[in-house]
Amino acid sequence: MRKIRKAVLPVAGFGTRVLPATKSIPKEMLPVVDRPALQYVVDEALEAGIEHIVFVTGRNKGAIEDYFDRAYELEATLHLKNKTALLEELESKLPAPGSTSFVRQQSPQGLGHAVWCARDVIGNEPFAVLLPDVLVKSKPGCLSQMVEAYQAKGGNIIAVDPIPENETDKYGVISPKSQDGNLYEMSAMVEKPAPSEAPSNLAITGRYILQPEIFKFLEEQKPGAGNEIQLTDAMAKLMEASPFFALAFDGLPYDCGSKLGYFKAVCAYAVDHEEIGEGAKALIKALNTSS
Ligand code: G1P
């Protein structure tokens with residue numbers, strides 16, 4: 001079985017749900033406590049053994065490339081001021097030279113199209129996709145749990161979690177066929193079904209392990225929900241040709257693409273933070289009792 005070495009992170013979206021904050025800052029760079037949301041997702045990928053990250057970017061996303069590069073003036077200034085701990089922190093977050101690639105999605109044609117844009121860098125090997133809008137708080141990380149399931153089962157694996165039944169039109173939703181522990185086999189998956197048509201309340205969370213055959217289906221995929229080329233539609237075809245599982249992972253997902261989801265993520269990461277955790281808990285408690 002081939003190791004999952006590469007991960008695709010689609011970061012080309014405009015972030016319209018959190019405008020105007022995202023007018024000049026990529027939504028993936030919005031801070032969750034003291035680091036960009038994107039850093040948590042990169043850390044999740046690295047923890048799962050990923051060796052190379054392919055960012056699918058677009059115009060106005062230069063801040064992402066700069067963030068994963070050296071900042072000589074900043075480092076020189078910190079050095080002069082003997083801010084060793086900060087320097088070490090920056091150094092520890094720097095990807096290994098040559099371990100990142102940036103490809104451009106030239107027009108917003110959907111998630112399926114974004115993943116397809118990474119095909120040449122991925123080549124003919126299984127790979128992961130992590131949607132940076134979604135932060136998953138769990139130990140081990142969501143992708144590590146998926147890699148463990150992949151090592152046992154092979155094929156393709158997506159992460160799923162239960163959502164309120166009236167929110168199915170925001171997600172890809174699966175139709176489970178059978179269950180073995182926390183792994184489902186599926187009979188269908190559908191992108192953003194109306195609640196009356198949803199086959200279940202199990203939503204695709206934004207973490208995927210896919211075989212490279214997906215690129216063939218993406219290449220031929222016609223636009224679907226929202227008139228966009230949907231990854232879910234291509235996966236539904238791949239599912240007929242290759243083993244496919246859904247993992248009910250252990251952990252809590254936060255959708256940072258929405259205002260409330262982002263706020264929840266900030267709170268959830270703040271209360272666990274080494275430096276400000278106690279203060280954050282006290283503040284939330286005080287707000288709760290004063291309302
Ligand atoms: C995408 C996927 C969807 C998935 C969701 C998770 O939708 O297309 O299947 O459930 O991410 O956040 P988007 O949020 O990009 O509309």
# chains A, B, ... in the order shown; residues from 1 in each chain; ligands from 1
$ residues_around --residues "stretch 68-85 of chain A" --least-positions-apart "5" --cutoff "9 Å" --atoms "only C-alpha atoms" --output "ChimeraX atom specification"
/A:63,90-91,93-95,100
$ write_last_selection --atoms "C-alpha atoms" --output "mmCIF file, in the first residue's frame"
data_model
loop_
_atom_site.group_PDB
_atom_site.id
_atom_site.type_symbol
_atom_site.label_atom_id
_atom_site.label_comp_id
_atom_site.auth_asym_id
_atom_site.auth_seq_id
_atom_site.Cartn_x
_atom_site.Cartn_y
_atom_site.Cartn_z
ATOM 1 C CA ALA A 63 0.156 36.437 1.930
ATOM 2 C CA LEU A 90 8.973 31.007 13.550
ATOM 3 C CA GLU A 91 11.694 28.531 12.633
ATOM 4 C CA LYS A 93 6.733 26.569 11.558
ATOM 5 C CA LEU A 94 8.853 26.917 8.425
ATOM 6 C CA PRO A 95 8.198 24.084 5.961
ATOM 7 C CA THR A 100 5.454 23.134 -0.698
#
$ residues_around --residues "stretch 138-146 of chain A" --least-positions-apart "2" --cutoff "9 Å" --atoms "only C-alpha atoms" --output "PDB file with N, CA and C atoms, in the first residue's frame"
ATOM      1  N   ASP A  43      -0.558  21.849  10.197  1.00  0.00           N
ATOM      2  CA  ASP A  43      -0.056  21.023  11.308  1.00  0.00           C
ATOM      3  C   ASP A  43      -0.754  19.656  11.322  1.00  0.00           C
ATOM      4  N   GLU A  44      -2.061  19.666  11.049  1.00  0.00           N
ATOM      5  CA  GLU A  44      -2.807  18.385  11.008  1.00  0.00           C
ATOM      6  C   GLU A  44      -2.234  17.483   9.907  1.00  0.00           C
ATOM      7  N   ALA A  45      -1.928  18.095   8.760  1.00  0.00           N
ATOM      8  CA  ALA A  45      -1.381  17.314   7.636  1.00  0.00           C
ATOM      9  C   ALA A  45      -0.002  16.754   7.997  1.00  0.00           C
ATOM     10  N   GLU A  47       1.272  16.195  10.943  1.00  0.00           N
ATOM     11  CA  GLU A  47       1.141  15.170  11.992  1.00  0.00           C
ATOM     12  C   GLU A  47       0.772  13.816  11.384  1.00  0.00           C
ATOM     13  N   ALA A  48       0.014  13.858  10.281  1.00  0.00           N
ATOM     14  CA  ALA A  48      -0.438  12.611   9.637  1.00  0.00           C
ATOM     15  C   ALA A  48       0.624  12.032   8.696  1.00  0.00           C
ATOM     16  N   GLY A  49       1.799  12.664   8.653  1.00  0.00           N
ATOM     17  CA  GLY A  49       2.891  12.114   7.844  1.00  0.00           C
ATOM     18  C   GLY A  49       3.012  12.719   6.450  1.00  0.00           C
ATOM     19  N   ALA A 128      -4.007  13.237  -0.030  1.00  0.00           N
ATOM     20  CA  ALA A 128      -5.037  13.765   0.874  1.00  0.00           C
ATOM     21  C   ALA A 128      -5.501  15.122   0.366  1.00  0.00           C
ATOM     22  N   LEU A 130      -7.319  18.529   2.243  1.00  0.00           N
ATOM     23  CA  LEU A 130      -7.833  19.129   3.483  1.00  0.00           C
ATOM     24  C   LEU A 130      -8.397  20.494   3.140  1.00  0.00           C
ATOM     25  N   VAL A 136     -10.496  20.907  12.532  1.00  0.00           N
ATOM     26  CA  VAL A 136     -11.027  19.795  13.327  1.00  0.00           C
ATOM     27  C   VAL A 136     -10.178  19.673  14.582  1.00  0.00           C
ATOM     28  N   GLU A 148      -4.826   6.038   9.487  1.00  0.00           N
ATOM     29  CA  GLU A 148      -4.857   4.750  10.185  1.00  0.00           C
ATOM     30  C   GLU A 148      -5.905   3.828   9.543  1.00  0.00           C
ATOM     31  N   ALA A 149      -7.079   4.391   9.248  1.00  0.00           N
ATOM     32  CA  ALA A 149      -8.134   3.594   8.598  1.00  0.00           C
ATOM     33  C   ALA A 149      -7.684   3.170   7.196  1.00  0.00           C
ATOM     34  N   TYR A 150      -6.980   4.070   6.514  1.00  0.00           N
ATOM     35  CA  TYR A 150      -6.492   3.774   5.160  1.00  0.00           C
ATOM     36  C   TYR A 150      -5.486   2.625   5.200  1.00  0.00           C
ATOM     37  N   GLN A 151      -4.632   2.631   6.235  1.00  0.00           N
ATOM     38  CA  GLN A 151      -3.631   1.560   6.318  1.00  0.00           C
ATOM     39  C   GLN A 151      -4.303   0.198   6.499  1.00  0.00           C
ATOM     40  N   ILE A 157     -11.014   7.339   1.335  1.00  0.00           N
ATOM     41  CA  ILE A 157     -11.686   7.566   2.634  1.00  0.00           C
ATOM     42  C   ILE A 157     -12.056   9.038   2.752  1.00  0.00           C
ATOM     43  N   ILE A 158     -13.300   9.302   3.189  1.00  0.00           N
ATOM     44  CA  ILE A 158     -13.667  10.677   3.521  1.00  0.00           C
ATOM     45  C   ILE A 158     -14.079  10.722   4.987  1.00  0.00           C
ATOM     46  N   ALA A 159     -13.901  11.886   5.602  1.00  0.00           N
ATOM     47  CA  ALA A 159     -14.356  12.064   6.982  1.00  0.00           C
ATOM     48  C   ALA A 159     -15.794  12.556   6.946  1.00  0.00           C
ATOM     49  N   ARG A 207     -12.184  16.505   4.702  1.00  0.00           N
ATOM     50  CA  ARG A 207     -10.932  15.740   4.753  1.00  0.00           C
ATOM     51  C   ARG A 207     -11.122  14.510   3.868  1.00  0.00           C
ATOM     52  N   TYR A 208     -10.164  14.268   2.971  1.00  0.00           N
ATOM     53  CA  TYR A 208     -10.315  13.214   1.986  1.00  0.00           C
ATOM     54  C   TYR A 208      -8.976  12.496   1.801  1.00  0.00           C
ATOM     55  N   ILE A 209      -9.030  11.170   1.581  1.00  0.00           N
ATOM     56  CA  ILE A 209      -7.877  10.431   1.048  1.00  0.00           C
ATOM     57  C   ILE A 209      -8.371   9.819  -0.259  1.00  0.00           C
ATOM     58  N   LEU A 247     -15.368   7.748   7.265  1.00  0.00           N
ATOM     59  CA  LEU A 247     -14.938   7.568   8.654  1.00  0.00           C
ATOM     60  C   LEU A 247     -15.675   8.563   9.556  1.00  0.00           C
ATOM     61  N   PHE A 249     -15.130  10.223  12.352  1.00  0.00           N
ATOM     62  CA  PHE A 249     -13.914  10.475  13.135  1.00  0.00           C
ATOM     63  C   PHE A 249     -14.271  10.934  14.543  1.00  0.00           C
ATOM     64  N   ASP A 250     -13.263  10.893  15.398  1.00  0.00           N
ATOM     65  CA  ASP A 250     -13.436  11.343  16.771  1.00  0.00           C
ATOM     66  C   ASP A 250     -12.918  12.779  16.849  1.00  0.00           C
ATOM     67  N   GLY A 251     -13.782  13.759  17.079  1.00  0.00           N
ATOM     68  CA  GLY A 251     -13.321  15.148  17.155  1.00  0.00           C
ATOM     69  C   GLY A 251     -14.435  16.107  16.792  1.00  0.00           C
ATOM     70  N   LEU A 252     -14.134  17.404  16.942  1.00  0.00           N
ATOM     71  CA  LEU A 252     -15.147  18.427  16.671  1.00  0.00           C
ATOM     72  C   LEU A 252     -14.709  19.328  15.522  1.00  0.00           C
ATOM     73  N   PRO A 253     -15.545  19.430  14.464  1.00  0.00           N
ATOM     74  CA  PRO A 253     -15.185  20.310  13.350  1.00  0.00           C
ATOM     75  C   PRO A 253     -15.737  21.727  13.548  1.00  0.00           C
TER      76      PRO A 253
END
$ atom_distance --atom1 "atom CA of A:Phe217" --atom2 "atom CA of A:Ala114"
13.4 Å
$ select_by_dssp --residues "stretch 129-210 of chain A" --states "strand (DSSP E or B)" --output "PDB file with N, CA, C and O atoms, in the first residue's frame"
ATOM      1  N   VAL A 129      -6.734  15.472   0.713  1.00  0.00           N
ATOM      2  CA  VAL A 129      -7.233  16.839   0.506  1.00  0.00           C
ATOM      3  C   VAL A 129      -7.735  17.322   1.858  1.00  0.00           C
ATOM      4  O   VAL A 129      -8.457  16.594   2.551  1.00  0.00           O
ATOM      5  N   LEU A 130      -7.319  18.529   2.243  1.00  0.00           N
ATOM      6  CA  LEU A 130      -7.833  19.129   3.483  1.00  0.00           C
ATOM      7  C   LEU A 130      -8.397  20.494   3.140  1.00  0.00           C
ATOM      8  O   LEU A 130      -7.689  21.322   2.540  1.00  0.00           O
ATOM      9  N   VAL A 134     -12.276  24.275   7.307  1.00  0.00           N
ATOM     10  CA  VAL A 134     -12.721  23.444   8.426  1.00  0.00           C
ATOM     11  C   VAL A 134     -11.533  23.119   9.328  1.00  0.00           C
ATOM     12  O   VAL A 134     -10.546  22.533   8.875  1.00  0.00           O
ATOM     13  N   LEU A 135     -11.634  23.534  10.586  1.00  0.00           N
ATOM     14  CA  LEU A 135     -10.634  23.123  11.580  1.00  0.00           C
ATOM     15  C   LEU A 135     -11.245  21.987  12.378  1.00  0.00           C
ATOM     16  O   LEU A 135     -12.391  22.085  12.819  1.00  0.00           O
ATOM     17  N   VAL A 136     -10.496  20.907  12.532  1.00  0.00           N
ATOM     18  CA  VAL A 136     -11.027  19.795  13.327  1.00  0.00           C
ATOM     19  C   VAL A 136     -10.178  19.673  14.582  1.00  0.00           C
ATOM     20  O   VAL A 136      -8.956  19.490  14.503  1.00  0.00           O
ATOM     21  N   LYS A 137     -10.846  19.807  15.721  1.00  0.00           N
ATOM     22  CA  LYS A 137     -10.136  19.728  16.985  1.00  0.00           C
ATOM     23  C   LYS A 137     -10.218  18.279  17.465  1.00  0.00           C
ATOM     24  O   LYS A 137     -11.298  17.796  17.820  1.00  0.00           O
ATOM     25  N   ASN A 156     -10.331   4.643  -0.884  1.00  0.00           N
ATOM     26  CA  ASN A 156     -10.561   6.082  -0.685  1.00  0.00           C
ATOM     27  C   ASN A 156     -11.316   6.263   0.636  1.00  0.00           C
ATOM     28  O   ASN A 156     -12.171   5.439   0.964  1.00  0.00           O
ATOM     29  N   ILE A 157     -11.014   7.339   1.335  1.00  0.00           N
ATOM     30  CA  ILE A 157     -11.686   7.566   2.634  1.00  0.00           C
ATOM     31  C   ILE A 157     -12.056   9.038   2.752  1.00  0.00           C
ATOM     32  O   ILE A 157     -11.241   9.921   2.445  1.00  0.00           O
ATOM     33  N   ILE A 158     -13.300   9.302   3.189  1.00  0.00           N
ATOM     34  CA  ILE A 158     -13.667  10.677   3.521  1.00  0.00           C
ATOM     35  C   ILE A 158     -14.079  10.722   4.987  1.00  0.00           C
ATOM     36  O   ILE A 158     -14.544   9.711   5.532  1.00  0.00           O
ATOM     37  N   ALA A 159     -13.901  11.886   5.602  1.00  0.00           N
ATOM     38  CA  ALA A 159     -14.356  12.064   6.982  1.00  0.00           C
ATOM     39  C   ALA A 159     -15.794  12.556   6.946  1.00  0.00           C
ATOM     40  O   ALA A 159     -16.148  13.377   6.090  1.00  0.00           O
ATOM     41  N   VAL A 160     -16.634  12.039   7.838  1.00  0.00           N
ATOM     42  CA  VAL A 160     -18.023  12.518   7.922  1.00  0.00           C
ATOM     43  C   VAL A 160     -18.382  12.801   9.377  1.00  0.00           C
ATOM     44  O   VAL A 160     -17.803  12.220  10.299  1.00  0.00           O
ATOM     45  N   ASP A 161     -19.327  13.712   9.565  1.00  0.00           N
ATOM     46  CA  ASP A 161     -19.846  13.968  10.900  1.00  0.00           C
ATOM     47  C   ASP A 161     -21.319  14.369  10.816  1.00  0.00           C
ATOM     48  O   ASP A 161     -21.756  14.893   9.795  1.00  0.00           O
ATOM     49  N   PRO A 162     -22.075  14.073  11.887  1.00  0.00           N
ATOM     50  CA  PRO A 162     -23.509  14.382  11.840  1.00  0.00           C
ATOM     51  C   PRO A 162     -23.755  15.884  11.909  1.00  0.00           C
ATOM     52  O   PRO A 162     -23.075  16.595  12.662  1.00  0.00           O
ATOM     53  N   GLY A 172     -21.727  18.269   1.393  1.00  0.00           N
ATOM     54  CA  GLY A 172     -21.892  16.996   0.715  1.00  0.00           C
ATOM     55  C   GLY A 172     -22.445  16.020   1.743  1.00  0.00           C
ATOM     56  O   GLY A 172     -22.025  16.045   2.904  1.00  0.00           O
ATOM     57  N   VAL A 173     -23.388  15.172   1.345  1.00  0.00           N
ATOM     58  CA  VAL A 173     -24.036  14.267   2.295  1.00  0.00           C
ATOM     59  C   VAL A 173     -23.948  12.842   1.745  1.00  0.00           C
ATOM     60  O   VAL A 173     -24.100  12.627   0.535  1.00  0.00           O
ATOM     61  N   ILE A 174     -23.685  11.875   2.642  1.00  0.00           N
ATOM     62  CA  ILE A 174     -23.542  10.487   2.178  1.00  0.00           C
ATOM     63  C   ILE A 174     -24.798   9.668   2.478  1.00  0.00           C
ATOM     64  O   ILE A 174     -25.579  10.006   3.367  1.00  0.00           O
ATOM     65  N   SER A 175     -24.937   8.597   1.723  1.00  0.00           N
ATOM     66  CA  SER A 175     -25.984   7.613   2.007  1.00  0.00           C
ATOM     67  C   SER A 175     -25.274   6.356   2.498  1.00  0.00           C
ATOM     68  O   SER A 175     -24.669   5.627   1.712  1.00  0.00           O
ATOM     69  N   PRO A 176     -25.283   6.098   3.819  1.00  0.00           N
ATOM     70  CA  PRO A 176     -24.560   4.934   4.329  1.00  0.00           C
ATOM     71  C   PRO A 176     -25.278   3.633   3.971  1.00  0.00           C
ATOM     72  O   PRO A 176     -26.507   3.585   3.991  1.00  0.00           O
ATOM     73  N   LYS A 177     -24.479   2.610   3.640  1.00  0.00           N
ATOM     74  CA  LYS A 177     -25.069   1.318   3.244  1.00  0.00           C
ATOM     75  C   LYS A 177     -24.858   0.306   4.368  1.00  0.00           C
ATOM     76  O   LYS A 177     -25.759  -0.395   4.763  1.00  0.00           O
ATOM     77  N   SER A 178     -23.620   0.272   4.905  1.00  0.00           N
ATOM     78  CA  SER A 178     -23.341  -0.631   6.020  1.00  0.00           C
ATOM     79  C   SER A 178     -22.294   0.015   6.908  1.00  0.00           C
ATOM     80  O   SER A 178     -21.589   0.933   6.479  1.00  0.00           O
ATOM     81  N   GLN A 179     -22.209  -0.467   8.142  1.00  0.00           N
ATOM     82  CA  GLN A 179     -21.295   0.148   9.115  1.00  0.00           C
ATOM     83  C   GLN A 179     -20.470  -0.927   9.803  1.00  0.00           C
ATOM     84  O   GLN A 179     -20.996  -1.964  10.200  1.00  0.00           O
ATOM     85  N   ASP A 180     -19.157  -0.666   9.918  1.00  0.00           N
ATOM     86  CA  ASP A 180     -18.264  -1.574  10.630  1.00  0.00           C
ATOM     87  C   ASP A 180     -17.462  -0.706  11.591  1.00  0.00           C
ATOM     88  O   ASP A 180     -16.538  -0.020  11.176  1.00  0.00           O
ATOM     89  N   LEU A 183     -16.477   2.962  10.541  1.00  0.00           N
ATOM     90  CA  LEU A 183     -16.352   3.086   9.077  1.00  0.00           C
ATOM     91  C   LEU A 183     -17.653   2.696   8.388  1.00  0.00           C
ATOM     92  O   LEU A 183     -18.243   1.653   8.708  1.00  0.00           O
ATOM     93  N   TYR A 184     -18.086   3.535   7.470  1.00  0.00           N
ATOM     94  CA  TYR A 184     -19.280   3.234   6.684  1.00  0.00           C
ATOM     95  C   TYR A 184     -18.873   2.869   5.258  1.00  0.00           C
ATOM     96  O   TYR A 184     -17.934   3.447   4.710  1.00  0.00           O
ATOM     97  N   GLU A 185     -19.630   1.944   4.657  1.00  0.00           N
ATOM     98  CA  GLU A 185     -19.616   1.853   3.199  1.00  0.00           C
ATOM     99  C   GLU A 185     -20.841   2.607   2.732  1.00  0.00           C
ATOM    100  O   GLU A 185     -21.825   2.731   3.460  1.00  0.00           O
ATOM    101  N   MET A 186     -20.764   3.144   1.522  1.00  0.00           N
ATOM    102  CA  MET A 186     -21.829   4.052   1.077  1.00  0.00           C
ATOM    103  C   MET A 186     -22.492   3.548  -0.197  1.00  0.00           C
ATOM    104  O   MET A 186     -21.863   2.870  -1.001  1.00  0.00           O
ATOM    105  N   SER A 187     -23.743   3.951  -0.386  1.00  0.00           N
ATOM    106  CA  SER A 187     -24.404   3.643  -1.656  1.00  0.00           C
ATOM    107  C   SER A 187     -24.479   4.898  -2.521  1.00  0.00           C
ATOM    108  O   SER A 187     -24.708   4.808  -3.719  1.00  0.00           O
ATOM    109  N   ALA A 188     -24.303   6.067  -1.935  1.00  0.00           N
ATOM    110  CA  ALA A 188     -24.354   7.309  -2.728  1.00  0.00           C
ATOM    111  C   ALA A 188     -23.739   8.446  -1.927  1.00  0.00           C
ATOM    112  O   ALA A 188     -23.578   8.354  -0.700  1.00  0.00           O
ATOM    113  N   MET A 189     -23.378   9.512  -2.641  1.00  0.00           N
ATOM    114  CA  MET A 189     -23.049  10.773  -1.968  1.00  0.00           C
ATOM    115  C   MET A 189     -23.557  11.892  -2.869  1.00  0.00           C
ATOM    116  O   MET A 189     -23.507  11.783  -4.093  1.00  0.00           O
ATOM    117  N   VAL A 190     -24.085  12.931  -2.254  1.00  0.00           N
ATOM    118  CA  VAL A 190     -24.718  13.986  -3.044  1.00  0.00           C
ATOM    119  C   VAL A 190     -24.329  15.355  -2.479  1.00  0.00           C
ATOM    120  O   VAL A 190     -24.211  15.516  -1.262  1.00  0.00           O
ATOM    121  N   GLU A 191     -24.090  16.310  -3.364  1.00  0.00           N
ATOM    122  CA  GLU A 191     -23.616  17.625  -2.929  1.00  0.00           C
ATOM    123  C   GLU A 191     -24.799  18.561  -2.659  1.00  0.00           C
ATOM    124  O   GLU A 191     -25.660  18.762  -3.508  1.00  0.00           O
ATOM    125  N   LEU A 202     -25.351  12.711   7.608  1.00  0.00           N
ATOM    126  CA  LEU A 202     -23.885  12.576   7.713  1.00  0.00           C
ATOM    127  C   LEU A 202     -23.220  13.402   6.614  1.00  0.00           C
ATOM    128  O   LEU A 202     -23.348  13.089   5.418  1.00  0.00           O
ATOM    129  N   ALA A 203     -22.538  14.463   7.029  1.00  0.00           N
ATOM    130  CA  ALA A 203     -21.950  15.397   6.060  1.00  0.00           C
ATOM    131  C   ALA A 203     -20.469  15.111   5.862  1.00  0.00           C
ATOM    132  O   ALA A 203     -19.778  14.637   6.777  1.00  0.00           O
ATOM    133  N   ILE A 204     -19.999  15.419   4.663  1.00  0.00           N
ATOM    134  CA  ILE A 204     -18.572  15.297   4.345  1.00  0.00           C
ATOM    135  C   ILE A 204     -17.866  16.490   4.997  1.00  0.00           C
ATOM    136  O   ILE A 204     -18.220  17.644   4.765  1.00  0.00           O
ATOM    137  N   THR A 205     -16.860  16.176   5.821  1.00  0.00           N
ATOM    138  CA  THR A 205     -16.283  17.209   6.697  1.00  0.00           C
ATOM    139  C   THR A 205     -15.208  18.076   6.055  1.00  0.00           C
ATOM    140  O   THR A 205     -14.854  19.111   6.582  1.00  0.00           O
ATOM    141  N   GLY A 206     -14.642  17.645   4.943  1.00  0.00           N
ATOM    142  CA  GLY A 206     -13.583  18.460   4.349  1.00  0.00           C
ATOM    143  C   GLY A 206     -12.210  17.824   4.493  1.00  0.00           C
ATOM    144  O   GLY A 206     -11.178  18.504   4.429  1.00  0.00           O
ATOM    145  N   ARG A 207     -12.184  16.505   4.702  1.00  0.00           N
ATOM    146  CA  ARG A 207     -10.932  15.740   4.753  1.00  0.00           C
ATOM    147  C   ARG A 207     -11.122  14.510   3.868  1.00  0.00           C
ATOM    148  O   ARG A 207     -12.117  13.774   4.019  1.00  0.00           O
ATOM    149  N   TYR A 208     -10.164  14.268   2.971  1.00  0.00           N
ATOM    150  CA  TYR A 208     -10.315  13.214   1.986  1.00  0.00           C
ATOM    151  C   TYR A 208      -8.976  12.496   1.801  1.00  0.00           C
ATOM    152  O   TYR A 208      -7.934  13.137   1.822  1.00  0.00           O
ATOM    153  N   ILE A 209      -9.030  11.170   1.581  1.00  0.00           N
ATOM    154  CA  ILE A 209      -7.877  10.431   1.048  1.00  0.00           C
ATOM    155  C   ILE A 209      -8.371   9.819  -0.259  1.00  0.00           C
ATOM    156  O   ILE A 209      -9.385   9.087  -0.262  1.00  0.00           O
ATOM    157  N   LEU A 210      -7.714  10.167  -1.350  1.00  0.00           N
ATOM    158  CA  LEU A 210      -8.237   9.778  -2.670  1.00  0.00           C
ATOM    159  C   LEU A 210      -7.176   9.092  -3.503  1.00  0.00           C
ATOM    160  O   LEU A 210      -5.981   9.428  -3.426  1.00  0.00           O
TER     161      LEU A 210
END
$ closest_residue --among "A:Pro97, A:Pro31, A:Gly155, A:Pro108" --to "ligand 1" --atoms "only C-alpha atoms and all ligand atoms"
A:Pro108
$ select_by_dssp --residues "stretch 156-272 of chain A" --states "helix (DSSP H, G or I)" --output "PyMOL selection string"
chain A and resi 165-170+195-197+214-220+225-227+231-241+259-271
$ closest_residue --among "A:Pro36, A:Gly224, A:Gly13, A:Pro243" --to "A:Tyr262" --atoms "only C-alpha atoms"
A:Pro36
$ closest_residue --among "A:Trp116, A:Phe244, A:Tyr254, A:Tyr67" --to "ligand 1" --atoms "only C-alpha atoms and all ligand atoms"
A:Tyr254
$ atom_distance --atom1 "atom CA of A:Asp255" --atom2 "atom CA of A:Asn60"
21.9 Å
$ residues_around --residues "A:Ser24" --least-positions-apart "2" --cutoff "12 Å" --atoms "only C-alpha atoms" --output "ChimeraX atom specification"
/A:14-16,18-22,26-30,59-63
$ write_last_selection --atoms "N, CA, C and O atoms" --output "mmCIF file, in the first residue's frame"
data_model
loop_
_atom_site.group_PDB
_atom_site.id
_atom_site.type_symbol
_atom_site.label_atom_id
_atom_site.label_comp_id
_atom_site.auth_asym_id
_atom_site.auth_seq_id
_atom_site.Cartn_x
_atom_site.Cartn_y
_atom_site.Cartn_z
ATOM 1 N N PHE A 14 -12.796 33.162 -2.301
ATOM 2 C CA PHE A 14 -12.834 34.589 -1.946
ATOM 3 C C PHE A 14 -13.186 34.843 -0.479
ATOM 4 O O PHE A 14 -12.948 35.926 0.022
ATOM 5 N N GLY A 15 -13.810 33.900 0.180
ATOM 6 C CA GLY A 15 -14.209 34.128 1.567
ATOM 7 C C GLY A 15 -15.333 35.125 1.699
ATOM 8 O O GLY A 15 -15.342 35.952 2.616
ATOM 9 N N THR A 16 -16.298 35.047 0.790
ATOM 10 C CA THR A 16 -17.378 36.057 0.781
ATOM 11 C C THR A 16 -18.219 36.019 2.055
ATOM 12 O O THR A 16 -18.815 37.024 2.417
ATOM 13 N N VAL A 18 -17.242 35.938 5.019
ATOM 14 C CA VAL A 18 -16.668 36.733 6.112
ATOM 15 C C VAL A 18 -16.121 38.073 5.607
ATOM 16 O O VAL A 18 -15.181 38.631 6.177
ATOM 17 N N LEU A 19 -16.739 38.600 4.565
ATOM 18 C CA LEU A 19 -16.418 39.967 4.122
ATOM 19 C C LEU A 19 -16.973 40.953 5.147
ATOM 20 O O LEU A 19 -17.975 40.641 5.789
ATOM 21 N N PRO A 20 -16.388 42.143 5.346
ATOM 22 C CA PRO A 20 -15.258 42.668 4.595
ATOM 23 C C PRO A 20 -13.885 42.225 5.106
ATOM 24 O O PRO A 20 -12.873 42.631 4.545
ATOM 25 N N ALA A 21 -13.835 41.373 6.175
ATOM 26 C CA ALA A 21 -12.529 40.991 6.734
ATOM 27 C C ALA A 21 -11.608 40.425 5.651
ATOM 28 O O ALA A 21 -10.394 40.607 5.687
ATOM 29 N N THR A 22 -12.205 39.743 4.674
ATOM 30 C CA THR A 22 -11.397 39.030 3.679
ATOM 31 C C THR A 22 -11.184 39.820 2.391
ATOM 32 O O THR A 22 -10.749 39.264 1.389
ATOM 33 N N PRO A 26 -6.409 36.934 2.790
ATOM 34 C CA PRO A 26 -7.006 35.629 2.491
ATOM 35 C C PRO A 26 -7.720 35.095 3.726
ATOM 36 O O PRO A 26 -7.199 35.208 4.841
ATOM 37 N N LYS A 27 -8.898 34.504 3.544
ATOM 38 C CA LYS A 27 -9.653 34.026 4.719
ATOM 39 C C LYS A 27 -8.851 33.000 5.512
ATOM 40 O O LYS A 27 -8.976 32.907 6.725
ATOM 41 N N GLU A 28 -7.996 32.250 4.816
ATOM 42 C CA GLU A 28 -7.203 31.213 5.490
ATOM 43 C C GLU A 28 -6.174 31.817 6.441
ATOM 44 O O GLU A 28 -5.614 31.124 7.281
ATOM 45 N N MET A 29 -5.898 33.127 6.278
ATOM 46 C CA MET A 29 -4.905 33.794 7.127
ATOM 47 C C MET A 29 -5.529 34.482 8.335
ATOM 48 O O MET A 29 -4.826 35.094 9.142
ATOM 49 N N LEU A 30 -6.853 34.436 8.470
ATOM 50 C CA LEU A 30 -7.475 35.054 9.649
ATOM 51 C C LEU A 30 -6.980 34.318 10.895
ATOM 52 O O LEU A 30 -6.907 33.087 10.906
ATOM 53 N N ARG A 59 -5.526 34.691 -7.309
ATOM 54 C CA ARG A 59 -5.022 36.060 -7.159
ATOM 55 C C ARG A 59 -5.302 36.562 -5.735
ATOM 56 O O ARG A 59 -6.229 36.090 -5.094
ATOM 57 N N ASN A 60 -4.515 37.510 -5.263
ATOM 58 C CA ASN A 60 -4.657 38.100 -3.919
ATOM 59 C C ASN A 60 -4.376 37.125 -2.777
ATOM 60 O O ASN A 60 -4.852 37.309 -1.661
ATOM 61 N N LYS A 61 -3.648 36.060 -3.051
ATOM 62 C CA LYS A 61 -3.352 35.092 -1.987
ATOM 63 C C LYS A 61 -1.858 35.071 -1.665
ATOM 64 O O LYS A 61 -1.354 34.111 -1.079
ATOM 65 N N GLY A 62 -1.155 36.125 -2.083
ATOM 66 C CA GLY A 62 0.294 36.176 -1.880
ATOM 67 C C GLY A 62 0.699 36.049 -0.417
ATOM 68 O O GLY A 62 1.775 35.535 -0.109
ATOM 69 N N ALA A 63 -0.181 36.502 0.500
ATOM 70 C CA ALA A 63 0.156 36.437 1.930
ATOM 71 C C ALA A 63 0.410 34.990 2.366
ATOM 72 O O ALA A 63 1.174 34.746 3.306
#
$ atom_distance --atom1 "atom 16 (O, counted along the ligand's line) of ligand 1" --atom2 "atom CA of A:Glu197"
17.6 Å
$ closest_residue --among "A:Leu86, A:Ala7, A:Ala280, A:Ala194" --to "A:Phe127" --atoms "only C-alpha atoms"
A:Ala7
$ closest_residue --among "A:Leu87, A:Arg17, A:Ile50, A:Ser196" --to "ligand 1" --atoms "only C-alpha atoms and all ligand atoms"
A:Arg17
$ residues_around --residues "A:Cys267" --least-positions-apart "4" --cutoff "10 Å" --atoms "only C-alpha atoms" --output "ChimeraX atom specification"
/A:32-33,261-263,271-273,277,280-281,284
$ residues_around --residues "A:Pro126" --least-positions-apart "2" --cutoff "8 Å" --atoms "only C-alpha atoms" --output "list in words"
Arg2, Lys3, Ile4, Lys6, Asn124, Ala128, Ile209, Leu210, Gln211 and Pro212 of chain A
